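Enquirer: Data: coords-v6.tsv, TSV, C-alpha atoms.
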```tsv
chain	number	residue	atom	x	y	z
R	5	MET	CA	0.00	0.00	0.00
R	6	LYS	CA	1.32	3.42	-0.96
R	7	PHE	CA	0.63	6.24	1.47
R	8	LEU	CA	1.01	9.91	0.60
R	9	LEU	CA	-0.09	12.99	2.50
R	10	ASP	CA	-2.48	15.21	0.59
R	11	ASP	CA	-1.71	18.86	-0.12
R	12	GLU	CA	-3.65	20.14	2.86
R	13	GLN	CA	-1.90	17.80	5.30
R	14	THR	CA	1.49	18.68	3.85
R	15	GLU	CA	0.82	22.41	4.14
R	16	PHE	CA	-0.38	21.91	7.74
R	17	GLY	CA	3.03	20.45	8.60
R	18	ARG	CA	4.84	23.26	6.80
R	19	THR	CA	2.76	25.88	8.61
R	20	LEU	CA	3.65	24.38	12.00
R	21	ASP	CA	7.31	24.21	10.98
R	22	ARG	CA	7.34	27.90	10.01
R	23	MET	CA	5.58	28.91	13.20
R	24	LEU	CA	7.95	26.94	15.45
R	25	THR	CA	11.03	28.04	13.52
R	26	SER	CA	10.10	31.66	14.19
R	27	ALA	CA	9.77	30.97	17.93
R	28	ASP	CA	12.73	30.61	20.27
R	29	VAL	CA	11.85	27.04	21.23
R	30	PRO	CA	15.24	26.11	22.78
R	31	ALA	CA	14.90	29.02	25.22
R	32	ALA	CA	11.39	27.87	26.11
R	33	VAL	CA	12.68	24.31	26.67
R	34	ARG	CA	15.42	25.49	29.02
R	35	ALA	CA	13.02	27.75	30.90
R	36	TRP	CA	10.54	24.87	31.25
R	37	GLY	CA	13.21	22.61	32.72
R	38	ALA	CA	14.11	25.35	35.22
R	39	GLY	CA	10.48	25.68	36.32
R	40	ASP	CA	9.61	28.82	34.35
R	41	THR	CA	6.65	27.73	32.23
R	42	GLY	CA	5.72	31.16	30.90
R	43	PRO	CA	7.46	30.91	27.50
R	44	GLY	CA	6.29	27.32	27.11
R	45	ARG	CA	2.67	28.21	27.81
R	46	ALA	CA	2.80	31.03	25.27
R	47	LEU	CA	4.11	28.53	22.73
R	48	TRP	CA	1.40	26.07	23.82
R	49	LYS	CA	-1.33	28.58	23.01
R	50	ARG	CA	0.06	29.15	19.52
R	51	ILE	CA	0.15	25.39	18.91
R	52	ALA	CA	-3.44	25.08	20.13
R	53	ASP	CA	-4.53	27.97	17.92
R	54	ALA	CA	-3.11	26.02	14.98
R	55	GLY	CA	-5.56	23.25	15.87
R	56	VAL	CA	-3.18	20.56	17.13
R	57	PHE	CA	-5.00	19.56	20.32
R	58	ALA	CA	-8.40	19.76	18.64
R	59	LEU	CA	-7.28	16.81	16.46
R	60	ALA	CA	-7.99	14.42	19.34
R	61	VAL	CA	-11.24	15.98	20.59
R	62	PRO	CA	-14.70	15.18	19.16
R	63	ASP	CA	-16.38	18.02	17.27
R	64	LYS	CA	-19.25	18.18	19.75
R	65	TYR	CA	-16.69	19.37	22.31
R	66	GLU	CA	-15.31	22.05	19.97
R	67	GLY	CA	-12.65	19.77	18.52
R	68	MET	CA	-12.05	18.53	14.98
R	69	GLY	CA	-12.79	14.89	15.66
R	70	LEU	CA	-10.20	12.13	15.90
R	71	LEU	CA	-7.74	12.75	13.04
R	72	PRO	CA	-4.65	10.58	13.62
R	73	VAL	CA	-2.98	11.30	10.27
R	74	GLU	CA	-3.03	15.05	10.91
R	75	LEU	CA	-1.95	14.36	14.49
R	76	ALA	CA	1.08	12.44	13.20
R	77	VAL	CA	1.98	15.35	10.93
R	78	SER	CA	1.79	17.79	13.83
R	79	PHE	CA	3.69	15.66	16.36
R	80	ILE	CA	6.52	15.03	13.92
R	81	GLU	CA	6.95	18.81	13.77
R	82	LEU	CA	6.62	19.17	17.55
R	83	GLY	CA	9.41	16.60	17.89
R	84	ARG	CA	11.57	18.28	15.24
R	85	HIS	CA	11.44	21.47	17.29
R	86	ALA	CA	11.68	19.77	20.74
R	87	VAL	CA	8.58	21.54	22.07
R	88	PRO	CA	8.22	21.03	25.86
R	89	GLY	CA	5.15	20.19	27.92
R	90	PRO	CA	2.62	17.35	28.31
R	91	LEU	CA	1.75	17.32	24.61
R	92	VAL	CA	1.16	13.59	24.38
R	93	GLU	CA	-0.69	13.48	27.67
R	94	THR	CA	-3.10	16.25	26.67
R	95	VAL	CA	-3.92	14.42	23.45
R	96	ALA	CA	-4.38	11.15	25.34
R	97	ALA	CA	-6.62	12.87	27.88
R	98	GLY	CA	-8.81	14.05	25.02
R	99	VAL	CA	-9.14	10.46	23.79
R	100	LEU	CA	-9.73	9.20	27.33
R	101	LEU	CA	-12.65	11.57	27.90
R	102	GLY	CA	-14.24	11.59	24.47
R	103	GLY	CA	-12.56	9.06	22.22
R	104	PRO	CA	-13.66	6.01	20.24
R	105	ALA	CA	-14.33	3.90	23.34
R	106	GLY	CA	-16.95	6.37	24.56
R	107	CYS	CA	-16.88	8.90	27.34
R	108	PRO	CA	-16.62	7.43	30.87
R	109	ASP	CA	-17.82	10.68	32.45
R	110	THR	CA	-19.91	13.18	30.48
R	111	ALA	CA	-19.68	15.97	33.07
R	112	THR	CA	-15.88	15.83	33.06
R	113	ALA	CA	-15.83	15.80	29.25
R	114	ASP	CA	-18.12	18.84	29.12
R	115	ARG	CA	-15.87	20.70	31.51
R	116	TRP	CA	-12.41	19.86	30.17
R	117	LEU	CA	-12.51	18.85	26.50
R	118	PRO	CA	-13.33	22.32	25.08
R	119	ARG	CA	-10.56	23.80	27.21
R	120	LEU	CA	-8.04	21.18	26.09
R	121	ALA	CA	-8.97	21.65	22.43
R	122	SER	CA	-8.56	25.43	22.63
R	123	GLY	CA	-5.31	25.38	24.61
R	124	GLN	CA	-6.87	27.06	27.63
R	125	ALA	CA	-5.82	24.05	29.71
R	126	MET	CA	-3.14	21.38	29.59
R	127	ALA	CA	-3.61	17.94	31.09
R	128	SER	CA	-1.33	15.31	32.49
R	129	LEU	CA	-2.21	11.65	32.70
R	130	ALA	CA	-1.17	8.61	34.69
R	131	MET	CA	-2.26	5.11	33.67
R	132	PRO	CA	-0.87	1.61	34.18
R	133	ALA	CA	0.29	1.59	30.54
R	134	GLY	CA	2.43	4.66	31.15
R	135	GLY	CA	3.92	3.74	34.51
R	136	PRO	CA	3.48	5.36	37.94
R	137	TYR	CA	4.67	8.84	37.00
R	138	ALA	CA	2.80	11.67	35.34
R	139	LEU	CA	4.55	14.24	33.19
R	140	ASP	CA	4.55	17.90	34.23
R	141	VAL	CA	1.95	17.26	36.90
R	142	ASP	CA	3.23	20.35	38.72
R	143	THR	CA	2.34	22.50	35.70
R	144	ALA	CA	-0.78	20.86	34.24
R	145	ASP	CA	-4.18	22.32	35.01
R	146	VAL	CA	-5.58	18.85	35.69
R	147	THR	CA	-4.08	15.39	36.11
R	148	PHE	CA	-6.25	12.38	35.34
R	149	VAL	CA	-5.36	9.09	37.00
R	150	VAL	CA	-6.62	5.66	35.96
R	151	GLY	CA	-6.31	3.12	38.79
R	152	GLN	CA	-4.37	-0.14	38.54
R	153	GLY	CA	-7.48	-2.18	37.81
R	154	GLU	CA	-8.46	0.26	35.04
R	155	THR	CA	-11.91	0.57	36.57
R	156	GLU	CA	-11.63	3.97	38.25
R	157	LEU	CA	-10.88	7.44	36.95
R	158	HIS	CA	-9.79	10.20	39.32
R	159	ALA	CA	-8.62	13.79	39.19
R	160	ALA	CA	-5.44	13.94	41.26
R	161	SER	CA	-5.37	16.03	44.42
R	162	GLY	CA	-1.65	16.73	44.30
R	163	HIS	CA	1.65	15.02	43.60
R	164	GLY	CA	4.84	13.77	45.14
R	165	THR	CA	8.35	15.14	44.73
R	166	VAL	CA	9.29	16.03	41.17
R	167	GLN	CA	11.85	13.51	39.99
R	168	PRO	CA	14.83	14.24	37.72
R	169	SER	CA	14.63	12.87	34.20
R	170	VAL	CA	17.23	12.22	31.53
R	171	ASP	CA	15.45	15.08	29.74
R	172	PRO	CA	15.37	18.08	32.12
R	173	ALA	CA	12.29	19.42	30.33
R	174	ARG	CA	10.34	16.28	31.31
R	175	ARG	CA	9.32	16.80	34.93
R	176	LEU	CA	7.97	13.57	36.47
R	177	ALA	CA	6.04	13.01	39.70
R	178	VAL	CA	3.66	10.47	41.21
R	179	PRO	CA	0.14	11.98	41.34
R	180	HIS	CA	-1.92	11.58	44.52
R	181	ILE	CA	-5.50	10.35	44.30
R	182	ALA	CA	-6.17	10.33	48.05
R	183	GLY	CA	-8.44	13.30	48.59
R	184	GLY	CA	-8.85	13.70	44.84
R	185	VAL	CA	-12.09	13.75	42.89
R	186	PRO	CA	-13.51	10.37	41.74
R	187	LEU	CA	-14.83	10.90	38.22
R	188	ALA	CA	-15.99	7.53	36.89
R	189	SER	CA	-15.86	3.80	37.52
R	190	GLY	CA	-16.65	0.60	35.68
R	191	ALA	CA	-15.66	-1.20	32.49
R	192	ASP	CA	-16.03	1.97	30.39
R	193	VAL	CA	-12.99	3.43	32.15
R	194	GLY	CA	-10.84	0.47	31.11
R	195	ALA	CA	-11.95	0.65	27.47
R	196	ALA	CA	-11.31	4.39	27.34
R	197	ALA	CA	-7.92	3.99	29.05
R	198	ARG	CA	-6.76	1.38	26.55
R	199	ALA	CA	-7.74	3.61	23.64
R	200	ALA	CA	-5.98	6.58	25.25
R	201	ALA	CA	-2.82	4.51	25.81
R	202	ASP	CA	-2.73	3.57	22.12
R	203	TRP	CA	-3.02	7.21	21.10
R	204	ALA	CA	-0.35	8.21	23.62
R	205	ALA	CA	2.06	5.62	22.22
R	206	PHE	CA	1.20	6.70	18.68
R	207	ALA	CA	1.80	10.41	19.38
R	208	THR	CA	5.07	9.53	21.13
R	209	ALA	CA	6.16	7.55	18.07
R	210	ALA	CA	5.49	10.53	15.79
R	211	GLN	CA	7.26	12.85	18.22
R	212	SER	CA	10.27	10.50	18.33
R	213	LEU	CA	10.42	10.44	14.54
R	214	GLY	CA	10.55	14.24	14.50
R	215	VAL	CA	13.29	14.29	17.14
R	216	GLY	CA	15.36	11.84	15.12
R	217	LEU	CA	14.94	13.83	11.91
R	218	ALA	CA	16.07	17.00	13.66
R	219	LEU	CA	19.17	15.23	15.01
R	220	VAL	CA	20.16	14.05	11.53
R	221	GLU	CA	19.46	17.46	9.99
R	222	ARG	CA	21.55	19.26	12.60
R	223	THR	CA	24.39	16.76	12.35
R	224	VAL	CA	24.50	17.02	8.55
R	225	THR	CA	24.76	20.80	8.87
R	226	TYR	CA	27.56	20.46	11.42
R	227	ALA	CA	29.42	17.89	9.28
R	228	LYS	CA	29.42	20.36	6.37
R	229	GLN	CA	31.01	23.05	8.56
R	230	ARG	CA	33.41	21.18	10.85
R	231	THR	CA	36.88	20.71	9.38
R	232	GLN	CA	39.57	18.19	10.23
R	233	PHE	CA	42.82	17.62	8.34
R	234	SER	CA	41.90	20.71	6.29
R	235	THR	CA	38.67	19.20	4.97
R	236	THR	CA	35.06	19.04	6.14
R	237	ILE	CA	34.27	15.89	8.10
R	238	GLY	CA	31.14	15.44	5.99
R	239	SER	CA	33.39	14.34	3.14
R	240	PHE	CA	34.68	11.34	5.11
R	241	GLN	CA	33.15	8.04	4.04
R	242	ALA	CA	32.69	6.82	7.61
R	243	VAL	CA	30.73	9.94	8.52
R	244	LYS	CA	28.53	9.58	5.44
R	245	HIS	CA	27.78	5.95	6.33
R	246	ARG	CA	26.82	6.79	9.91
R	247	LEU	CA	24.46	9.53	8.80
R	248	ALA	CA	22.99	7.37	6.03
R	249	ASP	CA	22.32	4.55	8.51
R	250	ALA	CA	20.62	6.98	10.91
R	251	LEU	CA	18.44	8.44	8.18
R	252	THR	CA	17.55	5.01	6.80
R	253	GLY	CA	16.30	3.89	10.20
R	254	LEU	CA	14.07	6.96	10.44
R	255	GLU	CA	12.74	6.56	6.91
R	256	PHE	CA	11.86	2.93	7.64
R	257	ALA	CA	9.98	4.08	10.76
R	258	ARG	CA	8.02	6.79	8.93
R	259	PRO	CA	5.64	4.44	7.02
R	260	LEU	CA	4.99	2.51	10.23
R	261	VAL	CA	3.91	5.74	11.94
R	262	HIS	CA	1.64	6.60	9.02
R	263	GLY	CA	0.36	3.03	8.92
R	264	ALA	CA	-0.56	3.23	12.59
R	265	ALA	CA	-2.40	6.49	11.87
R	266	VAL	CA	-4.44	4.81	9.15
R	267	ALA	CA	-5.20	1.86	11.46
R	268	LEU	CA	-6.39	4.20	14.22
R	269	ALA	CA	-8.49	6.22	11.78
R	270	GLY	CA	-10.16	3.03	10.52
R	271	ARG	CA	-10.50	1.61	14.06
R	272	SER	CA	-8.77	-1.53	12.89
R	273	PRO	CA	-8.69	-4.43	15.37
R	274	ASP	CA	-4.94	-4.59	14.70
R	275	ALA	CA	-4.41	-0.89	15.51
R	276	GLY	CA	-2.74	-1.63	18.85
R	277	ALA	CA	-0.10	-3.82	17.22
R	278	GLU	CA	0.40	-1.27	14.43
R	279	VAL	CA	0.96	1.44	17.05
R	280	ALA	CA	3.42	-0.76	18.97
R	281	ALA	CA	5.41	-1.45	15.78
R	282	ALA	CA	5.55	2.27	15.02
R	283	LYS	CA	6.55	3.11	18.57
R	284	VAL	CA	9.47	0.69	18.75
R	285	ALA	CA	10.71	1.54	15.24
R	286	ALA	CA	10.57	5.31	15.70
R	287	GLY	CA	11.94	5.20	19.24
R	288	GLU	CA	14.90	3.01	18.32
R	289	ALA	CA	15.62	5.00	15.16
R	290	ALA	CA	15.59	8.30	17.07
R	291	TYR	CA	17.85	6.82	19.75
R	292	ALA	CA	20.29	5.61	17.08
R	293	ALA	CA	20.23	9.08	15.50
R	294	ALA	CA	21.01	10.59	18.91
R	295	ARG	CA	24.02	8.31	19.35
R	296	THR	CA	25.25	9.16	15.86
R	297	ALA	CA	24.79	12.89	16.45
R	298	LEU	CA	26.64	12.70	19.75
R	299	GLN	CA	29.60	10.82	18.26
R	300	LEU	CA	29.95	13.00	15.16
R	301	HIS	CA	29.75	16.23	17.14
R	302	GLY	CA	32.51	15.07	19.46
R	303	ALA	CA	32.99	16.74	22.83
R	304	ILE	CA	30.66	19.63	21.99
R	305	GLY	CA	27.77	17.16	21.81
R	306	TYR	CA	28.10	16.46	25.54
R	307	THR	CA	27.57	20.06	26.65
R	308	ALA	CA	24.20	21.09	28.05
R	309	GLU	CA	24.72	24.62	26.70
R	310	TYR	CA	24.73	23.34	23.11
R	311	ASP	CA	21.21	23.09	21.67
R	312	LEU	CA	21.82	19.60	20.28
R	313	SER	CA	21.59	18.22	23.82
R	314	LEU	CA	17.89	19.13	23.96
R	315	TRP	CA	17.13	16.64	21.20
R	316	ILE	CA	19.61	13.98	22.35
R	317	ARG	CA	18.06	13.84	25.81
R	318	LYS	CA	14.53	13.86	24.47
R	319	ALA	CA	15.25	10.93	22.15
R	320	ARG	CA	16.44	8.88	25.11
R	321	ALA	CA	13.42	9.76	27.24
R	322	LEU	CA	10.83	9.16	24.52
R	323	ARG	CA	12.32	5.73	23.74
R	324	SER	CA	10.71	4.32	26.90
R	325	ALA	CA	7.75	6.69	27.33
R	326	TRP	CA	4.34	5.08	26.77
R	327	GLY	CA	5.77	1.67	25.97
R	328	SER	CA	9.32	0.38	26.32
R	329	PRO	CA	10.95	-1.29	23.30
R	330	SER	CA	10.57	-4.74	24.87
R	331	ALA	CA	6.90	-4.17	25.71
R	332	CYS	CA	6.15	-2.93	22.19
R	333	ARG	CA	7.94	-5.88	20.60
R	334	ALA	CA	5.99	-8.28	22.80
R	335	ARG	CA	2.73	-6.71	21.73
R	336	VAL	CA	3.64	-6.99	18.07
R	337	LEU	CA	4.60	-10.66	18.48
R	338	ALA	CA	1.39	-11.40	20.39
R	339	ALA	CA	-0.79	-10.01	17.59
R	340	PRO	CA	-2.29	-12.40	15.02
R	341	GLY	CA	0.36	-13.04	12.39
R	342	GLY	CA	3.02	-11.51	14.63
```
Spell out the structure here as structure tokens.

Expert:
Amino acid sequence: MKFLLDDEQTEFGRTLDRMLTSADVPAAVRAWGAGDTGPGRALWKRIADAGVFALAVPDKYEGMGLLPVELAVSFIELGRHAVPGPLVETVAAGVLLGGPAGCPDTATADRWLPRLASGQAMASLAMPAGGPYALDVDTADVTFVVGQGETELHAASGHGTVQPSVDPARRLAVPHIAGGVPLASGADVGAAARAAADWAAFATAAQSLGVGLALVERTVTYAKQRTQFSTTIGSFQAVKHRLADALTGLEFARPLVHGAAVALAGRSPDAGAEVAAAKVAAGEAAYAAARTALQLHGAIGYTAEYDLSLWIRKARALRSAWGSPSACRARVLAAPGG
């Protein structure tokens, strides 16, 4: 099957790229990691105004419906520019409250989904599929928590100590549900949580792909400028091979991400396995691109002051977010025909 973006989808990606290129995203990332969320929230509003978060919210809640292909286009660009914040979690919260599995709590959907779609609020999310931590729970306007049995949905009352992450812009903490607000219970919560987890893994895969592409692009530019033995290192065969291998891995992951988008759009019974395949391929390819970028940049690649580090650290963190490589491979193998 041949998959091509249409003109409107392609222009949507280009528009996001132009908008983010004109913003000082690295400064916003560093400020976010230091606890200053002002620049990041301003950037968040611009992304919301472009319609990104509305892509995972039903139209009856002022969204655009569930449009995974367009969401993939947008998250690739968000990854290419290393945008901070609970981007994936806000999208997953939209699916949790109003997605294909049905809404487990109408009152909560009425209250939060229009605000998430418009960018007036950002959400964090903790579910068994994502581990015990929630991202940016100290910054999010609401944190939804699905219990271990996937039968209860709560709004967290607070959170534990913020933990350090390999990516300083990813602030992790365990949300507290004691004293929080119980929102829904029953089998509908589990069905909605599983759908939300698939969308979270899918958005993370697209984001990882964008991170990897940015790492290759930046390393190619550096290799054309850096000289050694009176010649640019980009002319060395070994450097060309490393960059070609990194790019090949990313280009092999790209159709898997788009294939997962098509499976989600068609509500295919194999969508979960398609998402897992995309997640492991994109995550591993981005991680390989990060290792290549670090090696070819030499000592400068290790410095936190150099912008490249923002993408290198994010690639490592996203590799395990919303599904480790081993968990994703197991899900692919467990699927029919796997």

Enquirer: Quick one: residues within 9 Å of Gly39 in chain R, all atoms listed in the file, excluding same-chain residues fewer than 4 positions away - as a PyMOL selection string?

Expert: chain R and resi 34-35+143+173

Enquirer: If we count all atoms listed in the file and set the cut-off at 6 Å, which residues sit around range 154-171 of chain R, ignoring sequence neighbours fewer than 2 positions away in its own chain? Please answer as a list in words.

Expert: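 Residues near the query, excluding close chain neighbours: Thr147, Phe148, Val149, Val150, Gly151, Gln152, Ala173, Arg174, Leu176, Ala177, Val178, Pro179, His180, Ile181, Gly183, Gly184, Val185, Pro186, Leu187, Ala188, Ser189, Gly190, Ala191, Val193, Gly194, Arg317 and Lys318 of chain R.
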
Enquirer: Do you have the CA of Thr231 in chain R-CA of Ala319 in chain R distance handy?

Expert: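 Calculated distance between CA of Thr231 in chain R and CA of Ala319 in chain R is 27.0 Å.
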
Enquirer: Please work out which residues fall within 12 Å of (25.6, 11.7, 16.8), coordinates as given in the file, with all atoms listed in the file counting, and return them as a ChimeraX atom specification.

Expert: /R:216-224,226-227,243-244,246-251,290-306,312-313,315-317,319

Enquirer: With a distance cut-off of 8 Å and all atoms listed in the file, select the neighbouring residues of Pro30 in chain R, excluding the residue or stretch itself and same-chain residues fewer than 4 positions from it, and output the selection as a ChimeraX atom specification.

Expert: /R:34,86,311,314

Enquirer: Which polymer residues, protein or nucleic acid, are no farther than 7 Å from (-0.3, 8.8, 24.8), counting all atoms listed in the file, as a list in words?

Expert: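 Every polymer residue passing the test: Val92, Glu93, Val95, Ala96, Ala200, Ala201, Asp202, Trp203, Ala204, Ala205, Phe206, Ala207, Thr208 and Trp326 of chain R.
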
Enquirer: Which one of R:Asp114, R:Glu74, R:Asp145, R:Glu12 sits closest to Ala58 in chain R if you count all atoms listed in the file?

Expert: R:Glu74

Enquirer: Which residues of range 41-123 of chain R sit at most 7 Å from range 259-271 of chain R, using all atoms listed in the file? Give each one's shortest atom pair and distance in Å (one decimal place), in chain and ascending residue order, as a tab-separated table.

Expert:
```
residue	atom	partner	partner_atom	distance
R:Leu71	CA	R:Ala269	CA	6.7
R:Pro72	CA	R:Ala265	CA	5.0
R:Val73	CA	R:Ala265	CA	5.1
```

Enquirer: I want to know what sits within 8 Å of Leu117 in chain R, based on only C-alpha atoms, with residues of the same chain fewer than 4 positions away left out; could you give that as a ChimeraX atom specification?

Expert: /R:61,65-66,98,101-102,112-113,121

Enquirer: From the list R:Thr14, R:Ala308, R:Ser212, R:Gly276, which residue is nearest Ala321 in chain R when using all atoms listed in the file?

Expert: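 Once distances to Ala321 in chain R are computed over all atoms listed in the file, the minimum belongs to R:Ser212.
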
Enquirer: So how many Å separate CA of Ser128 in chain R and CA of Val141 in chain R, to one decimal?

Expert: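 Separation of CA of Ser128 in chain R and CA of Val141 in chain R: 5.8 Å.
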
Enquirer: Determine the axis-aligned bounding box of all atoms of range 233-243 of chain R present in the file, pad each side by 3 Å, and express its centre and edge lengths in Å to one decimal place as lines of an AutoDock Vina configuration file.

Expert:
```
center_x = 36.8
center_y = 13.8
center_z = 5.8
size_x = 18.1
size_y = 19.9
size_z = 11.4
```

Enquirer: Hey, which of R:Gly341, R:Gly214, R:Gly238, R:Pro329 ends up closest to Glu81 in chain R? Count only C-alpha atoms.

Expert: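 Counting only C-alpha atoms, the residue closest to Glu81 in chain R is R:Gly214.
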
Enquirer: Interatomic distance between CA of Ala285 in chain R and CA of Ser328 in chain R?

Expert: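 Interatomic distance here is 11.2 Å.
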